[in-house]
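What follows is one structure encoded as structure tokens, with my remarks underneath.
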Amino acid sequence: MPEEKDSDRMEKIVSLCKRRGFIFQSSEIYGGINGFWDYGPYGVALKRAVEQAWWREMVEQRDDVEGIDSTVICHPSVWKASGHLDKFGDLMTDCRDCKARHRVDQMEDKSVCPACGSKNLTAPREFNLMMKTYVGPVSDEDHVAYLRAETCQSIFLNFNLVRISTRRSLPFGIAQIGKAFRNEINPRNFTFRSREFSQMEMEFFCAEEDSMKWFEYWKNERIRYYRDVVGFAENEIKIHEHEALAHYARAALDIEFKFPFGWGELEGIHHRGTWDMGRHQEFSGESQEYFDQTAGKKFLPTVVETSVGVDRTVLAIICRAYDEDKAETKKEGMEEDTRLVMRIKPRFAPVQVAVLPLAKKIAEPAEKIYRDVKKLFRSEFDLTGSIGKRYRRQDEIGTPFCVTFDFQSIEDGAVTVRDRDRMTQDRIPAANLNQYLTEKVHA
Ligand code: ATP
């Protein structure tokens, strides 16, 4: 059989995401808006599970990281200090013939339009990625503000407030999850490059002499996370070390994931030196130094950052989950042999358990079981259609366990649990169901 083309696979994934309520184009009834995406009911459940797993791992399970939640709009001087207003941009060029716009650094031949082959291109122009708005009733230059391009800047601004209020000493980290905005020239590859997206960032503050030790630590920790918590296989992720480093950085790398459209950055781990803290000290006039009582010296903290895109993690989970299973499914009442199934790890599955009564007549006792299961798991109750169609729908949204309640259940108080991946059916006393599912979902 010919190998499926990667672009075909991506098209099928995008179509499933729409059909099954994972991801929709923003403002679709107006023709959409390029680079903006909405999460539907199943998409938002998956997105929240991704954020929760990261927060649990990076904040709640640790003793050395605090969380914050800051505003999207900060004082405009923040972006002057961070360098975003002066340097945060790409060179772009427009094709005068087909009107396509390109990022110059992504063009193989800088003199030829990748869309139509024309050489009739405008001279490369600087383009700033910051999104601008106005704060207050007057829309003039004195009231300009910016939507943040990364969540970490407000972590730097709050360093001393967090340190003092939590009585922290170095080393420790501050984490946050939130929206970021970049006026990307070429949004593409579904949600991979969007103009509005969410980041999960953690800035770890330490002494310069320990910073490379911490860089190595966070690199290993984050790879372990992708392997053990998210469930990515060894060959699905790789490390890309940066060849060119910012002048203040001692190291930088990306963790990349193998998407159907190629390897793409999921997370950046950056040694940021004292650059950010130094710049905010300079621009605000407020000391950002830390006094180390044991060593008896004052210094600017050095920062090691881990920065992940929520949307890219969600997309990676969706892409690797998509499977067309050729297994025999006729016995479940399906017409075709091919089963479209999203093999999402139970921890992240939008619906972890579906309760399906075999007939409407026995809906009531089945619903009692559903109410019980729902206390512990993201659950759905589905009565409509043949059992085969209901299984198929649950497969497509990635539900790992379907609990069927049949006429026998009324007699023996037992239910059948169908395992999405193993395609096994276990008969379990309803009284043991929550315990059985807890072991499976958290396996
Ligand atoms: P890229 O090279 O892909 O533009 P970047 O190096 O500019 O990314 P960072 O500034 O390091 O990205 O941001 C950290 C993380 O935020 C990235 O690893 C990515 O997961 C996410 N991210 C950055 N830009 C976007 C975007 N336009 N859409 C979705 N996620 C993004």
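Going by the structure tokens order, chains are called A, B, ..., each with residues numbered from 1, while ligands are numbered from 1 in the order shown.
Proximity to stretch 37-44 of chain A at 7 Å, evaluated using only C-alpha atoms and with sequence-adjacent residues fewer than 3 positions away removed, yields Gly21, Phe22, Ile23, Phe24, Gln25, Ser26, Lys47, Arg48, Thr191 and Pro350 of chain A.
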*asked:* Give me, as an MDAnalysis selection string, all polymer residues having an atom no more than 6 Å from stretch 337-346 of chain A, counting only C-alpha atoms and skipping those fewer than 3 positions away in the same chain.
replied: chainID A and resid 321:326 328:329 349 352 395:396 398 400 441
Just-selected residues, N, CA and C atoms written as a PDB file, in the first residue's frame:
ATOM      1  N   ALA A 321      -1.922  11.030  18.329  1.00  0.00           N
ATOM      2  CA  ALA A 321      -3.045  10.181  18.738  1.00  0.00           C
ATOM      3  C   ALA A 321      -3.832   9.665  17.543  1.00  0.00           C
ATOM      4  N   TYR A 322      -3.804  10.428  16.446  1.00  0.00           N
ATOM      5  CA  TYR A 322      -4.659  10.099  15.306  1.00  0.00           C
ATOM      6  C   TYR A 322      -4.253   8.769  14.677  1.00  0.00           C
ATOM      7  N   ASP A 323      -5.200   7.861  14.604  1.00  0.00           N
ATOM      8  CA  ASP A 323      -4.872   6.541  14.065  1.00  0.00           C
ATOM      9  C   ASP A 323      -6.055   5.995  13.285  1.00  0.00           C
ATOM     10  N   GLU A 324      -5.741   5.337  12.182  1.00  0.00           N
ATOM     11  CA  GLU A 324      -6.786   4.636  11.440  1.00  0.00           C
ATOM     12  C   GLU A 324      -6.518   3.162  11.642  1.00  0.00           C
ATOM     13  N   ASP A 325      -7.325   2.562  12.479  1.00  0.00           N
ATOM     14  CA  ASP A 325      -7.127   1.183  12.876  1.00  0.00           C
ATOM     15  C   ASP A 325      -7.848   0.267  11.886  1.00  0.00           C
ATOM     16  N   LYS A 326      -7.085  -0.654  11.331  1.00  0.00           N
ATOM     17  CA  LYS A 326      -7.709  -1.528  10.329  1.00  0.00           C
ATOM     18  C   LYS A 326      -8.318  -2.791  10.964  1.00  0.00           C
ATOM     19  N   GLU A 328     -10.625  -5.523  12.751  1.00  0.00           N
ATOM     20  CA  GLU A 328     -12.004  -5.979  12.522  1.00  0.00           C
ATOM     21  C   GLU A 328     -12.924  -5.375  13.592  1.00  0.00           C
ATOM     22  N   THR A 329     -13.886  -4.568  13.168  1.00  0.00           N
ATOM     23  CA  THR A 329     -14.764  -3.960  14.169  1.00  0.00           C
ATOM     24  C   THR A 329     -16.223  -4.295  13.903  1.00  0.00           C
ATOM     25  N   ALA A 349      -7.231  12.643  27.984  1.00  0.00           N
ATOM     26  CA  ALA A 349      -8.413  12.447  27.144  1.00  0.00           C
ATOM     27  C   ALA A 349      -9.536  13.401  27.566  1.00  0.00           C
ATOM     28  N   GLN A 352     -12.856  10.780  29.681  1.00  0.00           N
ATOM     29  CA  GLN A 352     -12.085   9.615  30.139  1.00  0.00           C
ATOM     30  C   GLN A 352     -12.955   8.364  30.207  1.00  0.00           C
ATOM     31  N   ASP A 395     -14.441   6.676  20.110  1.00  0.00           N
ATOM     32  CA  ASP A 395     -13.095   6.431  19.582  1.00  0.00           C
ATOM     33  C   ASP A 395     -12.536   7.705  18.949  1.00  0.00           C
ATOM     34  N   GLU A 396     -13.400   8.408  18.235  1.00  0.00           N
ATOM     35  CA  GLU A 396     -12.936   9.600  17.518  1.00  0.00           C
ATOM     36  C   GLU A 396     -12.636  10.776  18.446  1.00  0.00           C
ATOM     37  N   GLY A 398     -11.435  10.074  21.429  1.00  0.00           N
ATOM     38  CA  GLY A 398     -10.306   9.549  22.207  1.00  0.00           C
ATOM     39  C   GLY A 398     -10.656   9.023  23.586  1.00  0.00           C
ATOM     40  N   PRO A 400     -10.879   6.622  26.391  1.00  0.00           N
ATOM     41  CA  PRO A 400     -10.188   5.338  26.578  1.00  0.00           C
ATOM     42  C   PRO A 400     -11.074   4.214  27.114  1.00  0.00           C
ATOM     43  N   VAL A 441      -6.988   4.754  34.583  1.00  0.00           N
ATOM     44  CA  VAL A 441      -6.816   6.138  34.112  1.00  0.00           C
ATOM     45  C   VAL A 441      -5.480   6.707  34.590  1.00  0.00           C
TER      46      VAL A 441
END
Using only C-alpha atoms and all ligand atoms, which protein or nucleic acid residues are at most 7 Å from ligand 1, as number ranges by chain? A: 150, 182, 184, 187, 191-199, 265-268, 307-312
Take the residues from that selection and write them out as a compact mmCIF listing (two decimals), in the first residue's frame, keeping C-alpha atoms.
# COMPACT_ATOMS: atom_id res chain seq x y z
CA GLU A 150 5.78 36.29 25.97
CA ARG A 182 2.61 37.82 18.11
CA GLU A 184 3.28 36.45 12.92
CA PRO A 187 0.62 31.85 10.54
CA THR A 191 -2.36 25.99 15.44
CA PHE A 192 1.43 25.51 15.35
CA ARG A 193 2.11 29.13 14.42
CA SER A 194 -0.76 31.28 15.63
CA ARG A 195 -1.06 34.97 16.38
CA GLU A 196 -2.73 34.38 19.73
CA PHE A 197 -1.49 31.41 21.75
CA SER A 198 -0.77 30.28 25.30
CA GLN A 199 2.57 29.69 26.92
CA GLU A 265 9.80 23.49 18.32
CA LEU A 266 7.68 22.56 21.31
CA GLU A 267 9.74 24.07 24.06
CA GLY A 268 12.75 26.31 24.45
CA SER A 307 9.15 27.88 27.82
CA VAL A 308 6.46 25.69 26.22
CA GLY A 309 3.56 26.45 23.92
CA VAL A 310 0.27 25.03 25.21
CA ASP A 311 -1.22 24.94 21.72
CA ARG A 312 1.81 23.19 20.26
- request: Identify, on the basis of only C-alpha atoms, every residue whose closest approach to A:Glu305 does not exceed 8 Å; exclude the query and any residue fewer than 6 positions from it along the same chain; express the result as an MDAnalysis selection string.
  value: chainID A and resid 201:204 268:272
From a DSSP pass on the backbone, collect the residues of stretch 329-368 of chain A flagged as strand (DSSP E) and hand them back as an MDAnalysis selection string.
chainID A and resid 339:342 353:357
**Study point:** Exercise: A:Tyr134 partners within 6 Å, only C-alpha atoms, chain neighbours under 2 positions left out, as an NGL selection string
**Key:** :A and (139 or 143-145)
Only N, CA and C atoms, please: the residues just picked out, written as a tab-separated table (two decimals), in the first residue's frame.
chain	number	residue	atom	x	y	z
A	139	SER	N	-6.82	57.66	21.79
A	139	SER	CA	-5.97	56.77	20.98
A	139	SER	C	-4.83	57.54	20.37
A	143	HIS	N	-0.74	56.90	24.68
A	143	HIS	CA	-1.57	55.87	25.33
A	143	HIS	C	-1.38	54.49	24.72
A	144	VAL	N	-0.29	54.35	23.98
A	144	VAL	CA	-0.02	53.05	23.34
A	144	VAL	C	0.37	52.02	24.39
A	145	ALA	N	-0.14	50.83	24.22
A	145	ALA	CA	0.29	49.70	25.06
A	145	ALA	C	0.40	48.48	24.14
Counting only C-alpha atoms, which residue out of A:Lys132, A:His242, A:Lys5, A:Lys213 sits closest to A:Asp254?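 Comparing A:Lys132, A:His242, A:Lys5, A:Lys213 against A:Asp254, the winner is A:His242.
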Can you pull out the residues contacting A:Glu236? Cut-off 6 Å, using only C-alpha atoms, and skip same-chain residues under 3 positions away; I want them as an mmCIF file with N, CA and C atoms, in the first residue's frame.
data_model
loop_
_atom_site.group_PDB
_atom_site.id
_atom_site.type_symbol
_atom_site.label_atom_id
_atom_site.label_comp_id
_atom_site.auth_asym_id
_atom_site.auth_seq_id
_atom_site.Cartn_x
_atom_site.Cartn_y
_atom_site.Cartn_z
ATOM 1 N N ALA A 233 7.194 9.068 22.646
ATOM 2 C CA ALA A 233 8.236 8.038 22.474
ATOM 3 C C ALA A 233 9.580 8.708 22.190
ATOM 4 N N PHE A 257 9.335 18.335 18.338
ATOM 5 C CA PHE A 257 8.440 17.184 18.173
ATOM 6 C C PHE A 257 8.285 16.915 16.684
ATOM 7 N N LYS A 258 8.126 15.623 16.358
ATOM 8 C CA LYS A 258 7.974 15.261 14.945
ATOM 9 C C LYS A 258 6.502 15.366 14.547
#
Q | Expected answer as a ChimeraX atom specification: helix (DSSP H, G or I) residues in stretch 154-208 of chain A | A | /A:154-157,159-165,208
Neighbours of stretch 93-106 of chain A within 7 Å (only C-alpha atoms; same-chain residues fewer than 3 positions away dropped), as an mmCIF file with C-alpha atoms, in the first residue's frame?
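Output file part_23.cif is given in full below:
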data_model
loop_
_atom_site.group_PDB
_atom_site.id
_atom_site.type_symbol
_atom_site.label_atom_id
_atom_site.label_comp_id
_atom_site.auth_asym_id
_atom_site.auth_seq_id
_atom_site.Cartn_x
_atom_site.Cartn_y
_atom_site.Cartn_z
ATOM 1 C CA ASP A 90 11.367 39.402 11.224
ATOM 2 C CA LYS A 110 15.639 34.864 -1.050
ATOM 3 C CA CYS A 113 8.584 33.858 -4.329
ATOM 4 C CA ALA A 115 4.315 30.582 -3.753
ATOM 5 C CA CYS A 116 4.468 31.443 -7.485
ATOM 6 C CA SER A 118 8.120 35.179 -9.421
ATOM 7 C CA ASN A 120 9.084 40.444 -8.566
ATOM 8 C CA LEU A 121 9.538 40.862 -4.798
ATOM 9 C CA THR A 122 9.576 43.980 -2.643
ATOM 10 C CA ALA A 123 12.801 44.797 -0.793
ATOM 11 C CA PRO A 124 12.906 43.059 2.624
ATOM 12 C CA ARG A 125 11.311 45.200 5.332
ATOM 13 C CA ILE A 185 3.836 37.202 9.224
ATOM 14 C CA ASN A 186 2.911 33.714 8.139
#
A:Tyr226 surroundings by only C-alpha atoms, 10 Å radius, close-in-sequence under 6 positions cut, as a list in words: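 Skipping anything fewer than 6 positions along the chain leaves Phe232, Ala233, Glu234, Glu236, Ile237, Ile255 and Thr313 of chain A.
Taking atom CA of A:Trp263 and atom CA of A:Phe127 as the two end points, the separation is 25.5 Å.
If only C-alpha atoms are the atoms counted, then among A:Gly388, A:Met58, A:Ser7, A:Ile428 the closest residue to A:Trp218 is A:Met58.
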